[in-house]
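Asks: This is work.txt (compact mmCIF, N, CA and C atoms).
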# COMPACT_ATOMS: atom_id res chain seq x y z
N MET K 23 -12.08 12.15 3.03
CA MET K 23 -11.27 10.95 3.06
C MET K 23 -10.84 10.58 1.64
N ALA K 24 -9.67 10.89 1.29
CA ALA K 24 -9.18 10.55 -0.03
C ALA K 24 -8.66 9.12 -0.03
N LEU K 25 -9.04 8.35 -1.01
CA LEU K 25 -8.55 6.99 -1.12
C LEU K 25 -7.27 6.99 -1.93
N GLN K 26 -6.25 6.37 -1.37
CA GLN K 26 -4.96 6.35 -2.03
C GLN K 26 -4.46 4.93 -2.15
N GLY K 27 -3.45 4.73 -2.97
CA GLY K 27 -2.97 3.39 -3.27
C GLY K 27 -2.08 2.77 -2.22
N ASP K 28 -1.18 3.53 -1.57
CA ASP K 28 -0.24 2.96 -0.62
C ASP K 28 -0.92 2.80 0.73
N PRO K 29 -1.19 1.55 1.19
CA PRO K 29 -1.94 1.36 2.41
C PRO K 29 -1.20 1.81 3.66
N CYS K 30 0.10 1.83 3.65
CA CYS K 30 0.85 2.19 4.85
C CYS K 30 2.15 2.88 4.46
N SER K 31 2.12 4.17 4.40
CA SER K 31 3.32 4.86 3.96
C SER K 31 4.28 5.12 5.11
N ASN K 32 3.87 4.85 6.35
CA ASN K 32 4.72 5.12 7.50
C ASN K 32 4.93 3.84 8.30
N HIS K 33 5.77 2.95 7.79
CA HIS K 33 6.06 1.74 8.53
C HIS K 33 7.50 1.34 8.33
N SER K 34 7.96 0.40 9.16
CA SER K 34 9.38 0.06 9.14
C SER K 34 9.68 -1.25 8.45
N TYR K 35 8.72 -1.85 7.78
CA TYR K 35 8.92 -3.12 7.10
C TYR K 35 9.14 -2.90 5.62
N THR K 36 10.11 -3.60 5.06
CA THR K 36 10.34 -3.57 3.63
C THR K 36 9.95 -4.93 3.07
N PRO K 37 8.92 -4.99 2.19
CA PRO K 37 8.52 -6.29 1.64
C PRO K 37 9.72 -7.03 1.07
N GLY K 38 9.76 -8.32 1.39
CA GLY K 38 10.85 -9.15 0.90
C GLY K 38 12.07 -9.14 1.81
N SER K 39 12.07 -8.27 2.84
CA SER K 39 13.25 -8.19 3.69
C SER K 39 13.19 -9.13 4.87
N SER K 40 12.02 -9.72 5.13
CA SER K 40 11.84 -10.57 6.29
C SER K 40 12.12 -12.03 5.94
N ASP K 41 12.79 -12.72 6.84
CA ASP K 41 12.90 -14.16 6.68
C ASP K 41 11.96 -14.82 7.67
N THR K 42 11.83 -16.13 7.60
CA THR K 42 10.86 -16.82 8.44
C THR K 42 11.26 -16.83 9.90
N ASN K 43 12.49 -16.50 10.24
CA ASN K 43 12.95 -16.49 11.62
C ASN K 43 13.18 -15.07 12.13
N SER K 44 12.43 -14.12 11.64
CA SER K 44 12.60 -12.73 12.02
C SER K 44 12.44 -12.53 13.52
N THR K 45 13.27 -11.71 14.08
CA THR K 45 13.18 -11.39 15.50
C THR K 45 12.89 -9.91 15.72
N GLU K 46 12.51 -9.22 14.67
CA GLU K 46 12.23 -7.79 14.76
C GLU K 46 10.76 -7.53 15.08
N ILE K 47 10.51 -6.54 15.91
CA ILE K 47 9.15 -6.06 16.14
C ILE K 47 8.87 -4.97 15.12
N VAL K 48 7.76 -5.08 14.43
CA VAL K 48 7.41 -4.12 13.38
C VAL K 48 6.29 -3.22 13.89
N THR K 49 6.48 -1.94 13.77
CA THR K 49 5.47 -0.96 14.15
C THR K 49 5.09 -0.16 12.92
N LEU K 50 3.80 0.06 12.77
CA LEU K 50 3.36 0.90 11.66
C LEU K 50 2.15 1.71 12.08
N ARG K 51 1.93 2.78 11.38
CA ARG K 51 0.78 3.65 11.60
C ARG K 51 0.21 3.99 10.23
N PRO K 52 -0.86 3.30 9.84
CA PRO K 52 -1.42 3.59 8.51
C PRO K 52 -2.01 4.99 8.48
N ASP K 53 -1.66 5.73 7.44
CA ASP K 53 -2.16 7.10 7.35
C ASP K 53 -2.97 7.35 6.08
N THR K 54 -3.16 6.31 5.30
CA THR K 54 -4.02 6.42 4.12
C THR K 54 -4.96 5.24 4.10
N GLU K 55 -6.10 5.42 3.49
CA GLU K 55 -7.06 4.33 3.41
C GLU K 55 -7.09 3.77 2.01
N THR K 56 -7.49 2.53 1.94
CA THR K 56 -7.70 1.89 0.65
C THR K 56 -9.17 1.47 0.59
N LEU K 57 -9.65 1.24 -0.59
CA LEU K 57 -11.03 0.79 -0.76
C LEU K 57 -10.99 -0.72 -0.96
N THR K 58 -11.74 -1.44 -0.14
CA THR K 58 -11.73 -2.90 -0.19
C THR K 58 -12.65 -3.43 -1.27
N ARG K 59 -12.53 -4.71 -1.52
CA ARG K 59 -13.43 -5.41 -2.43
C ARG K 59 -14.87 -5.28 -1.93
N GLN K 60 -15.04 -5.17 -0.61
CA GLN K 60 -16.36 -5.01 -0.01
C GLN K 60 -16.89 -3.58 -0.12
N ARG K 61 -16.08 -2.69 -0.69
CA ARG K 61 -16.43 -1.28 -0.92
C ARG K 61 -16.50 -0.47 0.38
N LEU K 62 -15.57 -0.73 1.29
CA LEU K 62 -15.47 0.02 2.54
C LEU K 62 -14.08 0.61 2.68
N PRO K 63 -13.97 1.79 3.29
CA PRO K 63 -12.64 2.34 3.59
C PRO K 63 -11.93 1.46 4.62
N TYR K 64 -10.67 1.21 4.39
CA TYR K 64 -9.89 0.26 5.16
C TYR K 64 -8.53 0.88 5.45
N PHE K 65 -8.09 0.82 6.67
CA PHE K 65 -6.74 1.22 7.02
C PHE K 65 -5.96 -0.06 7.28
N VAL K 66 -5.08 -0.41 6.37
CA VAL K 66 -4.33 -1.65 6.47
C VAL K 66 -3.33 -1.55 7.60
N GLY K 67 -3.39 -2.49 8.51
CA GLY K 67 -2.47 -2.54 9.64
C GLY K 67 -1.49 -3.68 9.45
N ILE K 68 -1.71 -4.75 10.20
CA ILE K 68 -0.83 -5.92 10.16
C ILE K 68 -1.27 -6.83 9.02
N SER K 69 -0.34 -7.19 8.16
CA SER K 69 -0.61 -8.12 7.06
C SER K 69 0.73 -8.65 6.54
N ASN K 70 0.64 -9.57 5.61
CA ASN K 70 1.86 -10.06 4.98
C ASN K 70 2.58 -8.94 4.26
N ALA K 71 1.83 -8.10 3.56
CA ALA K 71 2.43 -7.03 2.76
C ALA K 71 3.07 -5.94 3.62
N THR K 72 2.52 -5.68 4.81
CA THR K 72 3.03 -4.57 5.62
C THR K 72 4.05 -4.99 6.66
N THR K 73 3.98 -6.23 7.13
CA THR K 73 4.87 -6.65 8.22
C THR K 73 5.57 -7.98 7.98
N GLY K 74 5.15 -8.70 6.95
CA GLY K 74 5.69 -10.03 6.73
C GLY K 74 4.95 -11.10 7.52
N ALA K 75 3.82 -10.75 8.13
CA ALA K 75 3.03 -11.71 8.89
C ALA K 75 2.69 -12.91 8.01
N LYS K 76 2.67 -14.08 8.60
CA LYS K 76 2.41 -15.31 7.84
C LYS K 76 0.98 -15.79 7.97
N ALA K 77 0.33 -15.58 9.12
CA ALA K 77 -0.98 -16.21 9.32
C ALA K 77 -1.96 -15.34 10.10
N ILE K 78 -1.74 -14.03 10.11
CA ILE K 78 -2.64 -13.14 10.83
C ILE K 78 -2.66 -11.77 10.15
N SER K 79 -3.79 -11.10 10.26
CA SER K 79 -3.88 -9.70 9.82
C SER K 79 -4.78 -8.96 10.78
N MET K 80 -4.60 -7.64 10.85
CA MET K 80 -5.44 -6.78 11.68
C MET K 80 -5.53 -5.42 11.00
N ASN K 81 -6.76 -4.94 10.82
CA ASN K 81 -6.99 -3.71 10.09
C ASN K 81 -8.11 -2.92 10.74
N LEU K 82 -8.17 -1.64 10.42
CA LEU K 82 -9.27 -0.78 10.87
C LEU K 82 -10.21 -0.58 9.69
N VAL K 83 -11.49 -0.87 9.91
CA VAL K 83 -12.51 -0.70 8.88
C VAL K 83 -13.45 0.41 9.34
N ILE K 84 -13.82 1.27 8.41
CA ILE K 84 -14.75 2.35 8.71
C ILE K 84 -15.96 2.21 7.79
N ILE K 85 -17.15 2.19 8.41
CA ILE K 85 -18.39 2.17 7.62
C ILE K 85 -18.96 3.58 7.69
N PRO K 86 -19.04 4.28 6.57
CA PRO K 86 -19.54 5.66 6.58
C PRO K 86 -20.98 5.74 7.09
N PRO K 87 -21.42 6.93 7.51
CA PRO K 87 -22.80 7.10 7.96
C PRO K 87 -23.79 6.55 6.93
N GLY K 88 -24.70 5.68 7.40
CA GLY K 88 -25.69 5.09 6.51
C GLY K 88 -25.14 4.12 5.50
N GLY K 89 -23.86 3.82 5.56
CA GLY K 89 -23.21 2.97 4.57
C GLY K 89 -23.28 1.49 4.89
N SER K 90 -22.89 0.71 3.90
CA SER K 90 -22.84 -0.74 4.08
C SER K 90 -21.75 -1.31 3.19
N ALA K 91 -21.35 -2.52 3.51
CA ALA K 91 -20.40 -3.24 2.67
C ALA K 91 -21.17 -3.96 1.58
N GLU K 92 -20.47 -4.36 0.55
CA GLU K 92 -21.05 -5.28 -0.43
C GLU K 92 -21.20 -6.63 0.27
N PRO K 93 -22.25 -7.38 -0.02
CA PRO K 93 -22.36 -8.72 0.57
C PRO K 93 -21.15 -9.55 0.16
N HIS K 94 -20.61 -10.31 1.10
CA HIS K 94 -19.41 -11.09 0.82
C HIS K 94 -19.25 -12.19 1.86
N PHE K 95 -18.29 -13.07 1.62
CA PHE K 95 -17.88 -14.03 2.63
C PHE K 95 -16.37 -14.18 2.55
N HIS K 96 -15.81 -14.76 3.60
CA HIS K 96 -14.37 -14.95 3.69
C HIS K 96 -14.06 -16.42 3.47
N ARG K 97 -13.39 -16.70 2.38
CA ARG K 97 -13.05 -18.08 2.03
C ARG K 97 -11.88 -18.55 2.90
N ASP K 98 -12.11 -19.59 3.63
CA ASP K 98 -11.06 -20.32 4.37
C ASP K 98 -10.41 -19.56 5.52
N TYR K 99 -11.03 -18.52 6.06
CA TYR K 99 -10.45 -17.91 7.26
C TYR K 99 -11.52 -17.36 8.19
N GLU K 100 -11.18 -17.38 9.48
CA GLU K 100 -12.05 -16.86 10.52
C GLU K 100 -11.79 -15.37 10.69
N THR K 101 -12.82 -14.66 11.14
CA THR K 101 -12.70 -13.22 11.35
C THR K 101 -13.18 -12.87 12.74
N ALA K 102 -12.39 -12.07 13.44
CA ALA K 102 -12.77 -11.55 14.75
C ALA K 102 -12.82 -10.03 14.62
N ILE K 103 -13.90 -9.44 15.14
CA ILE K 103 -14.12 -8.00 15.01
C ILE K 103 -14.38 -7.41 16.40
N TYR K 104 -13.79 -6.26 16.66
CA TYR K 104 -14.12 -5.49 17.86
C TYR K 104 -14.71 -4.17 17.36
N LEU K 105 -15.95 -3.92 17.71
CA LEU K 105 -16.61 -2.69 17.27
C LEU K 105 -16.21 -1.56 18.22
N ILE K 106 -15.42 -0.65 17.70
CA ILE K 106 -14.87 0.46 18.49
C ILE K 106 -15.90 1.57 18.68
N LYS K 107 -16.64 1.87 17.61
CA LYS K 107 -17.55 3.01 17.62
C LYS K 107 -18.75 2.69 16.73
N GLY K 108 -19.94 3.03 17.20
CA GLY K 108 -21.13 2.94 16.37
C GLY K 108 -22.03 1.75 16.66
N ARG K 109 -23.10 1.65 15.90
CA ARG K 109 -24.05 0.53 15.92
C ARG K 109 -24.15 0.00 14.50
N VAL K 110 -24.00 -1.30 14.38
CA VAL K 110 -23.96 -1.94 13.07
C VAL K 110 -24.91 -3.13 13.06
N GLU K 111 -25.75 -3.19 12.03
CA GLU K 111 -26.56 -4.38 11.80
C GLU K 111 -25.84 -5.21 10.75
N THR K 112 -25.65 -6.49 11.04
CA THR K 112 -25.04 -7.39 10.07
C THR K 112 -26.08 -8.42 9.65
N ARG K 113 -26.42 -8.39 8.38
CA ARG K 113 -27.29 -9.41 7.81
C ARG K 113 -26.37 -10.53 7.34
N TYR K 114 -26.79 -11.78 7.59
CA TYR K 114 -25.88 -12.88 7.29
C TYR K 114 -26.65 -14.17 7.00
N GLY K 115 -25.91 -15.17 6.55
CA GLY K 115 -26.47 -16.47 6.26
C GLY K 115 -27.04 -16.55 4.85
N GLN K 116 -27.71 -17.66 4.58
CA GLN K 116 -28.29 -17.88 3.26
C GLN K 116 -29.26 -16.75 2.93
N ARG K 117 -29.01 -16.12 1.78
CA ARG K 117 -29.80 -14.98 1.29
C ARG K 117 -29.83 -13.80 2.27
N LEU K 118 -28.90 -13.78 3.21
CA LEU K 118 -28.78 -12.70 4.21
C LEU K 118 -30.07 -12.52 5.00
N LYS K 119 -30.73 -13.63 5.32
CA LYS K 119 -32.03 -13.57 6.00
C LYS K 119 -31.92 -13.45 7.51
N GLN K 120 -30.74 -13.70 8.08
CA GLN K 120 -30.55 -13.55 9.52
C GLN K 120 -29.93 -12.18 9.79
N SER K 121 -30.07 -11.71 11.04
CA SER K 121 -29.58 -10.38 11.36
C SER K 121 -29.15 -10.31 12.82
N VAL K 122 -28.11 -9.54 13.07
CA VAL K 122 -27.67 -9.27 14.44
C VAL K 122 -27.25 -7.80 14.49
N VAL K 123 -27.57 -7.12 15.59
CA VAL K 123 -27.17 -5.73 15.78
C VAL K 123 -26.10 -5.70 16.86
N ASN K 124 -24.98 -5.05 16.56
CA ASN K 124 -23.88 -4.89 17.51
C ASN K 124 -23.62 -3.42 17.74
N GLU K 125 -23.04 -3.14 18.91
CA GLU K 125 -22.70 -1.75 19.24
C GLU K 125 -21.29 -1.70 19.81
N ALA K 126 -20.78 -0.49 19.95
CA ALA K 126 -19.42 -0.28 20.43
C ALA K 126 -19.18 -1.11 21.69
N GLY K 127 -18.05 -1.80 21.71
CA GLY K 127 -17.69 -2.65 22.84
C GLY K 127 -17.95 -4.13 22.59
N ASP K 128 -18.66 -4.47 21.52
CA ASP K 128 -18.95 -5.87 21.21
C ASP K 128 -17.80 -6.52 20.45
N PHE K 129 -17.53 -7.78 20.80
CA PHE K 129 -16.65 -8.65 20.02
C PHE K 129 -17.53 -9.51 19.14
N ILE K 130 -17.15 -9.71 17.89
CA ILE K 130 -17.96 -10.43 16.92
C ILE K 130 -17.08 -11.48 16.25
N PHE K 131 -17.60 -12.70 16.09
CA PHE K 131 -16.88 -13.76 15.40
C PHE K 131 -17.65 -14.16 14.15
N ILE K 132 -16.97 -14.22 13.01
CA ILE K 132 -17.58 -14.66 11.76
C ILE K 132 -16.81 -15.89 11.26
N PRO K 133 -17.47 -17.05 11.21
CA PRO K 133 -16.79 -18.26 10.71
C PRO K 133 -16.50 -18.15 9.21
N PRO K 134 -15.58 -18.96 8.71
CA PRO K 134 -15.31 -18.96 7.28
C PRO K 134 -16.55 -19.33 6.48
N GLY K 135 -16.71 -18.70 5.33
CA GLY K 135 -17.78 -19.07 4.40
C GLY K 135 -19.16 -18.55 4.72
N VAL K 136 -19.32 -17.77 5.79
CA VAL K 136 -20.65 -17.25 6.14
C VAL K 136 -20.88 -15.93 5.40
N PRO K 137 -21.85 -15.89 4.47
CA PRO K 137 -22.14 -14.63 3.79
C PRO K 137 -22.64 -13.60 4.80
N HIS K 138 -22.20 -12.35 4.63
CA HIS K 138 -22.65 -11.30 5.54
C HIS K 138 -22.53 -9.93 4.89
N GLN K 139 -23.27 -8.98 5.46
CA GLN K 139 -23.26 -7.61 4.97
C GLN K 139 -23.55 -6.67 6.13
N PRO K 140 -22.53 -5.94 6.60
CA PRO K 140 -22.76 -4.99 7.69
C PRO K 140 -23.33 -3.66 7.19
N TYR K 141 -24.23 -3.08 7.99
CA TYR K 141 -24.85 -1.78 7.72
C TYR K 141 -24.62 -0.87 8.92
N ASN K 142 -24.15 0.33 8.69
CA ASN K 142 -24.04 1.33 9.75
C ASN K 142 -25.44 1.88 10.02
N LEU K 143 -25.92 1.76 11.24
CA LEU K 143 -27.28 2.19 11.57
C LEU K 143 -27.39 3.69 11.79
N SER K 144 -26.29 4.39 11.88
CA SER K 144 -26.32 5.85 12.05
C SER K 144 -26.26 6.55 10.70
N GLU K 145 -27.07 7.58 10.55
CA GLU K 145 -27.02 8.41 9.33
C GLU K 145 -26.08 9.60 9.50
N THR K 146 -25.51 9.76 10.72
CA THR K 146 -24.68 10.94 10.97
C THR K 146 -23.25 10.63 11.40
N GLU K 147 -22.98 9.42 11.90
CA GLU K 147 -21.64 9.09 12.39
C GLU K 147 -21.13 7.80 11.75
N SER K 148 -19.84 7.76 11.50
CA SER K 148 -19.25 6.53 10.97
C SER K 148 -19.11 5.50 12.08
N ALA K 149 -19.06 4.24 11.68
CA ALA K 149 -18.79 3.13 12.60
C ALA K 149 -17.35 2.67 12.37
N HIS K 150 -16.64 2.38 13.45
CA HIS K 150 -15.25 1.96 13.35
C HIS K 150 -15.09 0.58 13.97
N ALA K 151 -14.37 -0.30 13.29
CA ALA K 151 -14.15 -1.65 13.78
C ALA K 151 -12.72 -2.09 13.55
N LEU K 152 -12.16 -2.78 14.54
CA LEU K 152 -10.87 -3.41 14.41
C LEU K 152 -11.12 -4.85 13.98
N VAL K 153 -10.55 -5.25 12.83
CA VAL K 153 -10.83 -6.56 12.24
C VAL K 153 -9.54 -7.38 12.21
N ALA K 154 -9.60 -8.58 12.80
CA ALA K 154 -8.46 -9.49 12.78
C ALA K 154 -8.91 -10.80 12.15
N ARG K 155 -7.98 -11.44 11.46
CA ARG K 155 -8.31 -12.72 10.84
C ARG K 155 -7.05 -13.58 10.73
N ASN K 156 -7.28 -14.88 10.58
CA ASN K 156 -6.15 -15.80 10.48
C ASN K 156 -5.74 -16.01 9.02
N ASP K 157 -5.60 -14.91 8.31
CA ASP K 157 -5.14 -14.88 6.92
C ASP K 157 -4.34 -13.60 6.77
N ALA K 158 -3.08 -13.72 6.41
CA ALA K 158 -2.21 -12.54 6.33
C ALA K 158 -2.36 -11.76 5.04
N ASN K 159 -3.15 -12.26 4.09
CA ASN K 159 -3.37 -11.54 2.84
C ASN K 159 -4.48 -10.52 3.00
N GLU K 160 -4.47 -9.51 2.17
CA GLU K 160 -5.44 -8.42 2.31
C GLU K 160 -6.84 -8.78 1.80
N GLN K 161 -6.96 -9.10 0.53
CA GLN K 161 -8.28 -9.28 -0.07
C GLN K 161 -8.40 -10.55 -0.91
N GLU K 162 -7.35 -11.33 -0.97
CA GLU K 162 -7.33 -12.48 -1.87
C GLU K 162 -8.44 -13.48 -1.60
N ASN K 163 -8.86 -13.63 -0.34
CA ASN K 163 -9.86 -14.63 0.01
C ASN K 163 -11.21 -14.03 0.38
N VAL K 164 -11.44 -12.79 -0.03
CA VAL K 164 -12.76 -12.17 0.12
C VAL K 164 -13.52 -12.44 -1.16
N VAL K 165 -14.71 -13.00 -1.02
CA VAL K 165 -15.52 -13.37 -2.18
C VAL K 165 -16.84 -12.61 -2.13
N LEU K 166 -17.15 -11.85 -3.17
CA LEU K 166 -18.42 -11.14 -3.21
C LEU K 166 -19.55 -12.16 -3.33
N TYR K 167 -20.69 -11.83 -2.74
CA TYR K 167 -21.81 -12.76 -2.62
C TYR K 167 -23.07 -12.09 -3.14
N ASN K 168 -23.81 -12.79 -4.00
CA ASN K 168 -25.07 -12.28 -4.51
C ASN K 168 -26.20 -13.13 -3.91
N PRO K 169 -26.91 -12.57 -2.91
CA PRO K 169 -27.94 -13.37 -2.23
C PRO K 169 -29.10 -13.75 -3.14
N THR K 170 -29.30 -13.08 -4.24
CA THR K 170 -30.42 -13.41 -5.13
C THR K 170 -30.14 -14.65 -5.98
N LEU K 171 -28.86 -15.06 -6.04
CA LEU K 171 -28.52 -16.23 -6.86
C LEU K 171 -28.62 -17.54 -6.07
N GLU K 172 -28.77 -17.43 -4.75
CA GLU K 172 -28.82 -18.63 -3.92
C GLU K 172 -30.26 -19.12 -3.80
N SER K 173 -30.44 -20.44 -3.89
CA SER K 173 -31.80 -20.98 -3.80
C SER K 173 -32.23 -21.24 -2.38
Is it possible to give me this structure as C-alpha cells?
Replies:
Amino acid sequence: MALQGDPCSNHSYTPGSSDTNSTEIVTLRPDTETLTRQRLPYFVGISNATTGAKAISMNLVIIPPGGSAEPHFHRDYETAIYLIKGRVETRYGQRLKQSVVNEAGDFIFIPPGVPHQPYNLSETESAHALVARNDANEQENVVLYNPTLES
C-alpha cells in the first residue's frame, strides 16, 4: 500500500467549480490512500475537497493487522462508523480507560470531543470501516490526545 498525496485521482469534481446551489451528482472512486493525522490509511471519499460537500464527509479507513490509530478526538463533530470487516477494540474516555469491542456489521457512534483509540484485534487481517461525519473537512478538526496528560 503506497501512500500518495492525491486522495482521489478519479473523480468528476473540480475544487472551486461548485456553487452553493449545485444540482450535479458527483461520483468518485478513490484509488490512492492518504495517511491521516491519526496515522491510519484513509481512502478519501465524500468531502468538501472532493465533492464540494458543505456539512458531511464519508471515507474508508483501514486499520492494518495488529495496528492502531493515534489517540485522538474529533472537535465539534459527530462520527458514525460502520465496521465492514474485522474486530476492533476502541479504548475511549478519560485516559482511555473505557473499552468496547466491535465486529463486522456493527454501527458505532462517537460523540464530539470523546477521546478514543481503535485497535485492530487481528494480527493477520486488516479491519475496514466506513466513516461518516457531519464535517466536510478532512483532518482540520481531528485533535491528537495524550491520555497521560489528563488528570
Asks: Given all atoms listed in the file as the basis, pick out the residue of K:Tyr64, K:Thr146, K:Thr72, K:Gly127 nearest to Leu50 of chain K.
Replies: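 That would be K:Thr72, the residue with the smallest distance to Leu50 of chain K.
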Asks: Looking only at helix (DSSP H, G or I) from DSSP on the backbone, list the matching residues of chain K as a list in words.
Replies: Asn70, Ala71, Thr72, Thr73, Gln116, Arg117, Leu118, Pro169, Thr170 and Leu171 of chain K
Asks: Using only C-alpha atoms, which residues sit within 6 Å of segment 157-168 of chain K once same-chain residues fewer than 6 positions away are excluded, as a PyMOL selection string?
Replies: chain K and resi 69-70+75-79+93-97
Asks: For Leu105 of chain K, which of K:Ala151, K:Gly89, K:Val123, K:Leu82 is the closest residue, counting only N, CA and C atoms?
Replies: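 Checking each candidate against Leu105 of chain K, we get K:Ala151 as the closest.
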Asks: Report the distance between atom CA of Phe129 of chain K and atom C of Glu46 of chain K in Å, rounded to one decimal place.
Replies: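 Between these atoms lies a distance of 27.9 Å.
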Asks: Counting only N, CA and C atoms, which residue out of K:Tyr141, K:Pro169, K:Asn81, K:Phe131 sits closest to Leu118 of chain K?
Replies: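 Closest to Leu118 of chain K of all the choices is K:Pro169.
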Asks: In terms of the shortest atom-to-atom distance over only C-alpha atoms, which of K:Ala91, K:Asp128, K:Val110, K:Asp98 is closest to Glu145 of chain K?
Replies: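 Closest residue, counting only C-alpha atoms: K:Val110.
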Asks: Please run DSSP on the backbone and report, as a ChimeraX atom specification, all residues within chain K that come out as strand (DSSP E).
Replies: /K:56-57,63-68,79-85,94-96,101-107,109-114,120-125,129-132,138-142,149-155,164-166
Asks: Kindly give the distance, in Å, that separates atom C of Thr170 of chain K and atom CA of Arg117 of chain K, rounded to a single decimal.
Replies: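 Result for atom C of Thr170 of chain K versus atom CA of Arg117 of chain K: 7.3 Å, one decimal.
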Asks: Compare K:Thr101, K:Ser148, K:Asn156, K:Thr54 by their minimum atom-to-atom distance to Pro134 of chain K, counting all atoms listed in the file, and give me the closest one.
Replies: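 So, comparing all the options, the nearest one is K:Thr101.
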Asks: What is the distance, in Å and to one decimal place, between atom CA of Gly108 of chain K and atom CA of His138 of chain K?
Replies: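 Rounded to one decimal, the two atoms are 18.0 Å apart.
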Asks: So, counting all atoms listed in the file, which residue among K:Ile47, K:Val153, K:Ala71, K:Leu171 is closest to Tyr104 of chain K?
Replies: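 Answer, going by the shortest atom-to-atom distance: K:Val153.
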Asks: Please provide as a VMD selection string all residues within 10 Å of Leu62 of chain K, with the sequence filter that same-chain residues fewer than 6 positions apart are discarded (counting only C-alpha atoms).
Replies: chain K and resid 55 to 56 83 to 86 89 to 92
Asks: Could I get segment 73-79 of chain K rebuilt with all heavy atoms, written as a PDB file, in the frame of the given file?
Replies:
ATOM      1  N   THR K  73       3.980  -6.230   7.130  1.00  0.00           N
ATOM      2  CA  THR K  73       4.870  -6.650   8.220  1.00  0.00           C
ATOM      3  C   THR K  73       5.570  -7.980   7.980  1.00  0.00           C
ATOM      4  O   THR K  73       6.423  -8.363   8.766  1.00  0.00           O
ATOM      5  CB  THR K  73       4.096  -6.785   9.552  1.00  0.00           C
ATOM      6  OG1 THR K  73       3.181  -7.876   9.436  1.00  0.00           O
ATOM      7  CG2 THR K  73       3.374  -5.499   9.904  1.00  0.00           C
ATOM      8  N   GLY K  74       5.150  -8.700   6.950  1.00  0.00           N
ATOM      9  CA  GLY K  74       5.690 -10.030   6.730  1.00  0.00           C
ATOM     10  C   GLY K  74       4.950 -11.100   7.520  1.00  0.00           C
ATOM     11  O   GLY K  74       5.391 -12.246   7.573  1.00  0.00           O
ATOM     12  N   ALA K  75       3.820 -10.750   8.130  1.00  0.00           N
ATOM     13  CA  ALA K  75       3.030 -11.710   8.890  1.00  0.00           C
ATOM     14  C   ALA K  75       2.690 -12.910   8.010  1.00  0.00           C
ATOM     15  O   ALA K  75       2.437 -12.762   6.821  1.00  0.00           O
ATOM     16  CB  ALA K  75       1.751 -11.059   9.407  1.00  0.00           C
ATOM     17  N   LYS K  76       2.670 -14.080   8.600  1.00  0.00           N
ATOM     18  CA  LYS K  76       2.410 -15.310   7.840  1.00  0.00           C
ATOM     19  C   LYS K  76       0.980 -15.790   7.970  1.00  0.00           C
ATOM     20  O   LYS K  76       0.455 -16.408   7.050  1.00  0.00           O
ATOM     21  CB  LYS K  76       3.343 -16.430   8.300  1.00  0.00           C
ATOM     22  CG  LYS K  76       4.819 -16.071   8.213  1.00  0.00           C
ATOM     23  CD  LYS K  76       5.277 -15.965   6.786  1.00  0.00           C
ATOM     24  CE  LYS K  76       6.766 -15.708   6.744  1.00  0.00           C
ATOM     25  NZ  LYS K  76       7.150 -14.650   5.878  1.00  0.00           N
ATOM     26  N   ALA K  77       0.330 -15.580   9.120  1.00  0.00           N
ATOM     27  CA  ALA K  77      -0.980 -16.210   9.320  1.00  0.00           C
ATOM     28  C   ALA K  77      -1.960 -15.340  10.100  1.00  0.00           C
ATOM     29  O   ALA K  77      -2.909 -15.853  10.680  1.00  0.00           O
ATOM     30  CB  ALA K  77      -0.799 -17.542  10.039  1.00  0.00           C
ATOM     31  N   ILE K  78      -1.740 -14.030  10.110  1.00  0.00           N
ATOM     32  CA  ILE K  78      -2.640 -13.140  10.830  1.00  0.00           C
ATOM     33  C   ILE K  78      -2.660 -11.770  10.150  1.00  0.00           C
ATOM     34  O   ILE K  78      -1.676 -11.367   9.535  1.00  0.00           O
ATOM     35  CB  ILE K  78      -2.240 -12.995  12.321  1.00  0.00           C
ATOM     36  CG1 ILE K  78      -3.332 -12.299  13.115  1.00  0.00           C
ATOM     37  CG2 ILE K  78      -0.899 -12.281  12.457  1.00  0.00           C
ATOM     38  CD1 ILE K  78      -3.135 -12.360  14.616  1.00  0.00           C
ATOM     39  N   SER K  79      -3.790 -11.100  10.260  1.00  0.00           N
ATOM     40  CA  SER K  79      -3.880  -9.700   9.820  1.00  0.00           C
ATOM     41  C   SER K  79      -4.780  -8.960  10.780  1.00  0.00           C
ATOM     42  O   SER K  79      -5.621  -9.547  11.462  1.00  0.00           O
ATOM     43  CB  SER K  79      -4.398  -9.598   8.385  1.00  0.00           C
ATOM     44  OG  SER K  79      -5.742 -10.034   8.319  1.00  0.00           O
TER      45      SER K  79
END
